[in-house]
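Colleague: Got a structure here, written out as structure tokens. Questions coming.
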Amino acid sequence: MNATYVRYELLRLSRNKRFFFFSLGFPLVLYLVIAGSNKKQVLDMGSFSLKFPLYYMVGMASYGAMIAAIAGGARIAAERSTGWNRQLRLTPLRPSVYFGTKVFTSYLMALISIALLYVAGISYGVSIELARWFEMTGLILIGLAPFVALGVLAGHLLTVDSMGPALGGGSAFFGFLGGQWFPLPNHGFLHVLGECIPSYWLTQASHVGIGGNAWGITGWIVIGVWTAAASVLAAWAYRRDTQRV
């Protein structure tokens with residue numbers, strides 16, 4: 001990656017207050033309000049019980065990271081609207097550096113969102129074994145790959161005005177069908193559909209922190225296929241946008 005371009009991207013990112021609130025503030029505030037008002041609630045998980053702040057923290061960690069990853073597309077749409085992308089194409093900046101920087105900043109925002117939620121959870125008494133912290137976080141980061149690519153795709157296809165509804169609707173769609181809002185049934189249509197989308201496996205990654213298992217072969221296949229497909233489409237959208245200039 002080009003260090004100068006990365007530094008400039010980080011500066012622009014830090015000055016976008018609306019983006020910061022949507023990507024970082026919303027999941028954190030939601031957790032503080034809901035978990036804070038239910039700090040003493042204990043959930044019956046069948047074979048064991050679980051404190052609500054812990055259960056809600058791992059769920060919001062995956063949801064907040066997903067929002068931060070997809071929201072990277074909003075920055076791309078804004079750049080396109082001001083002609084910044086057109087200016088970049090007149091420079092020696094390679095497309096691989098451009099995409100690499102977008103992926104890097106999306107992951108950075110996701111990591112900040114995860115870290116803030118972890119700190120908030122610890123302040124409410126959440127405790128997880130260190131090995132599970134690392135395993136959960138690592139799987140979440142891997143599970144974000146298709147959402148980073150989807151964000152890049154959306155940023156090159158949609159306008160600034162349409163990005164807001166698309167981000168809200170997209171995150172709600174993936175959050176609902178991925179079981180991030182509430183547990184999906186153990187069988188039936190919703191369960192089968194959920195297993196076919198990456199947000200379901202993002203949720204399963206977060207559940208490692210509460211004693212769940214890491215992905216099996218199905219999870220890796222779903223994440224891999226979605227990442228590959230979204231990356232191919234994002235590259236196509238970039239070329240299409242370039243040809244229109």
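Lettering and numbering for the structure tokens are positional, with chains as A, B, ... in the shown order, residues counted from 1 in each chain, and ligands counted from 1 in the shown order.
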So which residues touch Met57 (chain A) within 6 Å, counting only C-alpha atoms, skipping near sequence neighbours fewer than 4 positions away, as a list of chain:residue names?
Modeller: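 Surrounding residues, per the criterion: A:Pro53, A:Ala61, A:Gly121.
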Colleague: Grab the residues selected above and save them as a PDB file, in the first residue's frame with N, CA and C atoms.
Modeller:
ATOM      1  N   PRO A  53     -25.412  -9.054  29.569  1.00  0.00           N
ATOM      2  CA  PRO A  53     -24.381  -8.197  28.971  1.00  0.00           C
ATOM      3  C   PRO A  53     -23.361  -8.960  28.131  1.00  0.00           C
ATOM      4  N   ALA A  61     -20.896  -7.053  18.849  1.00  0.00           N
ATOM      5  CA  ALA A  61     -19.541  -6.976  18.283  1.00  0.00           C
ATOM      6  C   ALA A  61     -19.561  -7.387  16.811  1.00  0.00           C
ATOM      7  N   GLY A 121     -18.277  -3.952  27.328  1.00  0.00           N
ATOM      8  CA  GLY A 121     -18.672  -5.208  27.964  1.00  0.00           C
ATOM      9  C   GLY A 121     -17.898  -5.451  29.250  1.00  0.00           C
TER      10      GLY A 121
END
Colleague: Find the residues around region 204-206 of chain A up to 7 Å (only C-alpha atoms counted), leave out those fewer than 5 positions away in its own chain, and share them as a list of chain:residue names.
Modeller: A:Val58, A:Gly59, A:Ser62, A:Met136, A:Leu139, A:Ile140, A:Ala214
Colleague: Pull C-alpha atoms from the residues just selected and write them as a PDB file, in the first residue's frame.
Modeller:
ATOM      1  CA  VAL A  58     -20.746 -10.719  21.416  1.00  0.00           C
ATOM      2  CA  GLY A  59     -23.803 -10.198  19.216  1.00  0.00           C
ATOM      3  CA  SER A  62     -20.340  -8.905  15.108  1.00  0.00           C
ATOM      4  CA  MET A 136     -13.768 -15.036  18.492  1.00  0.00           C
ATOM      5  CA  LEU A 139     -13.173 -15.476  13.176  1.00  0.00           C
ATOM      6  CA  ILE A 140     -15.163 -12.235  13.163  1.00  0.00           C
ATOM      7  CA  ALA A 214     -15.783 -22.528  15.505  1.00  0.00           C
TER       8      ALA A 214
END
Colleague: Counting only C-alpha atoms, which of A:Ala235, A:Val208, A:Asp241, A:Ala229 gets nearest to Ile128 (chain A)?
Modeller: A:Val208
Colleague: Mind listing the helix (DSSP H, G or I) residues of region 47-211 of chain A, per DSSP on the backbone, as a PyMOL selection string?
Modeller: chain A and resi 52-70+72-82+84-88+95-123+130-143+145-157+160-177+189-194+198-210
Colleague: Please report, as CSV, each residue of region 140-167 of chain A lying at most 6 Å from region 67-89 of chain A, together with the nearest pair of atoms and the separation in Å rounded to one decimal; use only C-alpha atoms, and order rows by chain and ascending residue number.
Modeller:
residue,atom,partner,partner_atom,distance
A:Phe147,CA,A:Ile70,CA,5.4
A:Val148,CA,A:Ala69,CA,4.9
A:Gly151,CA,A:Ile70,CA,4.2
A:Val152,CA,A:Gly73,CA,4.9
A:Ala154,CA,A:Gly73,CA,5.7
A:Gly155,CA,A:Gly73,CA,4.0
A:Thr159,CA,A:Ala77,CA,5.6
A:Val160,CA,A:Ala77,CA,5.3
Colleague: Deliver the residues from the most recent selection as a file, using C-alpha atoms, as a PDB file, in the first residue's frame.
Modeller:
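Output file result-v5.pdb follows:
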ATOM      1  CA  PHE A 147     -19.048  -7.404   3.781  1.00  0.00           C
ATOM      2  CA  VAL A 148     -15.959  -5.321   3.016  1.00  0.00           C
ATOM      3  CA  GLY A 151     -19.302  -2.188   0.724  1.00  0.00           C
ATOM      4  CA  VAL A 152     -16.849  -1.507  -2.107  1.00  0.00           C
ATOM      5  CA  ALA A 154     -22.184  -0.638  -3.252  1.00  0.00           C
ATOM      6  CA  GLY A 155     -19.934   2.417  -3.193  1.00  0.00           C
ATOM      7  CA  THR A 159     -25.079   7.497  -5.146  1.00  0.00           C
ATOM      8  CA  VAL A 160     -24.543   9.301  -1.842  1.00  0.00           C
TER       9      VAL A 160
END
Colleague: Point out the residue among A:Leu54, A:Leu43, A:Met66, A:Leu10 with the least atom-to-atom distance to Pro27 (chain A), counting only C-alpha atoms.
Modeller: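 The closest residue to Pro27 (chain A) is A:Met66.
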Colleague: Find the spatial neighbours of Pro183 (chain A), counting only C-alpha atoms, within a cut-off of 12 Å - ignore same-chain residues fewer than 6 positions away - and output them as a compact mmCIF listing (two decimals) with C-alpha atoms, in the first residue's frame.
Modeller:
# COMPACT_ATOMS: atom_id res chain seq x y z
CA MET A 45 -29.52 -21.22 27.42
CA TYR A 55 -24.60 -12.44 25.29
CA TYR A 56 -25.48 -9.00 23.94
CA GLY A 59 -23.80 -10.20 19.22
CA GLY A 175 -28.68 -8.82 10.87
CA PHE A 176 -32.17 -10.34 10.86
CA LEU A 177 -31.41 -13.39 8.72
CA LEU A 190 -35.15 -19.55 8.31
CA HIS A 191 -32.36 -21.75 9.64
CA GLY A 194 -29.49 -18.24 7.45
CA TYR A 200 -25.08 -16.16 10.07
CA THR A 203 -22.88 -14.55 14.44
CA GLN A 204 -21.51 -18.05 14.98
CA HIS A 207 -20.74 -17.08 19.84
Colleague: Could you work out how far CA of Gly179 (chain A) lies from CA of Leu50 (chain A), giving the answer in Å with one decimal?
Modeller: 17.4 Å
Colleague: Can you work out the spacing between CA of Tyr238 (chain A) and CA of His156 (chain A) in Å, to one decimal?
Modeller: 6.1 Å
Colleague: At a cut-off of 8 Å, using only C-alpha atoms, what residues contact Ala230 (chain A)? Leave out same-chain residues fewer than 3 positions from it and give the result as a short mmCIF file (atom, residue, chain, number, x, y, z; two decimals) with N, CA and C atoms, in the first residue's frame.
Modeller:
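Resulting contents of around14.cif:
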data_model
loop_
_atom_site.label_atom_id
_atom_site.label_comp_id
_atom_site.auth_asym_id
_atom_site.auth_seq_id
_atom_site.Cartn_x
_atom_site.Cartn_y
_atom_site.Cartn_z
N PRO A 146 -16.54 -10.76 3.16
CA PRO A 146 -17.55 -10.49 2.13
C PRO A 146 -18.25 -9.16 2.30
N ALA A 149 -16.12 -6.37 0.83
CA ALA A 149 -16.27 -6.38 -0.63
C ALA A 149 -17.63 -5.84 -1.05
N LEU A 150 -18.68 -6.18 -0.31
CA LEU A 150 -20.02 -5.67 -0.62
C LEU A 150 -20.07 -4.15 -0.46
N LEU A 153 -18.46 -2.68 -3.48
CA LEU A 153 -19.40 -2.84 -4.61
C LEU A 153 -20.49 -1.78 -4.55
N TRP A 226 -19.07 -16.21 -0.88
CA TRP A 226 -19.57 -14.84 -0.84
C TRP A 226 -18.44 -13.83 -1.05
N THR A 227 -17.28 -14.08 -0.44
CA THR A 227 -16.15 -13.17 -0.59
C THR A 227 -15.68 -13.12 -2.04
N LEU A 233 -17.55 -8.90 -8.32
CA LEU A 233 -18.54 -7.86 -8.65
C LEU A 233 -18.00 -6.47 -8.33
N ALA A 234 -17.25 -6.35 -7.22
CA ALA A 234 -16.69 -5.04 -6.86
C ALA A 234 -15.67 -4.59 -7.91
#
Colleague: Expressed in Å to a single decimal, how great is the separation between CA of Val225 (chain A) and CA of Gly164 (chain A)?
Modeller: 26.4 Å
Colleague: Counting only C-alpha atoms, which residue out of A:Ala120, A:Ile114, A:Ala65, A:Leu130 sits closest to Ile34 (chain A)?
Modeller: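 Nearest to Ile34 (chain A): A:Ala120.
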Colleague: Please build the interface table for region 193-215 of chain A against region 169-174 of chain A with a cut-off of 12 Å, listing for each qualifying residue the nearest atom pair and the distance in Å to one decimal; count only C-alpha atoms, order rows by chain and increasing number, and write it as a Markdown table.
Modeller:
| residue | atom | partner | partner_atom | distance |
| --- | --- | --- | --- | --- |
| A:Leu193 | CA | A:Phe174 | CA | 11.1 |
| A:Gly194 | CA | A:Phe174 | CA | 8.9 |
| A:Glu195 | CA | A:Phe174 | CA | 11.5 |
| A:Cys196 | CA | A:Phe174 | CA | 11.0 |
| A:Ile197 | CA | A:Phe174 | CA | 7.7 |
| A:Pro198 | CA | A:Phe174 | CA | 8.1 |
| A:Ser199 | CA | A:Phe174 | CA | 5.7 |
| A:Tyr200 | CA | A:Phe174 | CA | 8.0 |
| A:Trp201 | CA | A:Phe174 | CA | 10.9 |
| A:Leu202 | CA | A:Phe174 | CA | 10.1 |
| A:Thr203 | CA | A:Phe174 | CA | 10.4 |
Colleague: List the spatial neighbours of Thr4 (chain A) as a PyMOL selection string - criterion: any atom at most 12 Å away, only C-alpha atoms, same-chain residues fewer than 3 positions off excluded.
Modeller: chain A and resi 1+7-11+93+97-98+101
Colleague: Can those selected residues be exported to a file as a PDB file, in the first residue's frame so that it contains C-alpha atoms?
Modeller:
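Wrote it out as again.pdb, contents follow:
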ATOM      1  CA  MET A   1       0.000   0.000   0.000  1.00  0.00           C
ATOM      2  CA  ARG A   7      -2.316   8.480   5.668  1.00  0.00           C
ATOM      3  CA  TYR A   8      -4.556  10.780   3.653  1.00  0.00           C
ATOM      4  CA  GLU A   9      -7.418   8.281   3.806  1.00  0.00           C
ATOM      5  CA  LEU A  10      -7.097   8.067   7.594  1.00  0.00           C
ATOM      6  CA  LEU A  11      -7.154  11.856   7.890  1.00  0.00           C
ATOM      7  CA  LEU A  93      -1.990   5.216  -8.092  1.00  0.00           C
ATOM      8  CA  VAL A  97      -3.324   0.087  -3.943  1.00  0.00           C
ATOM      9  CA  TYR A  98      -6.712   1.805  -4.123  1.00  0.00           C
ATOM     10  CA  THR A 101      -6.418   0.939   1.158  1.00  0.00           C
TER      11      THR A 101
END
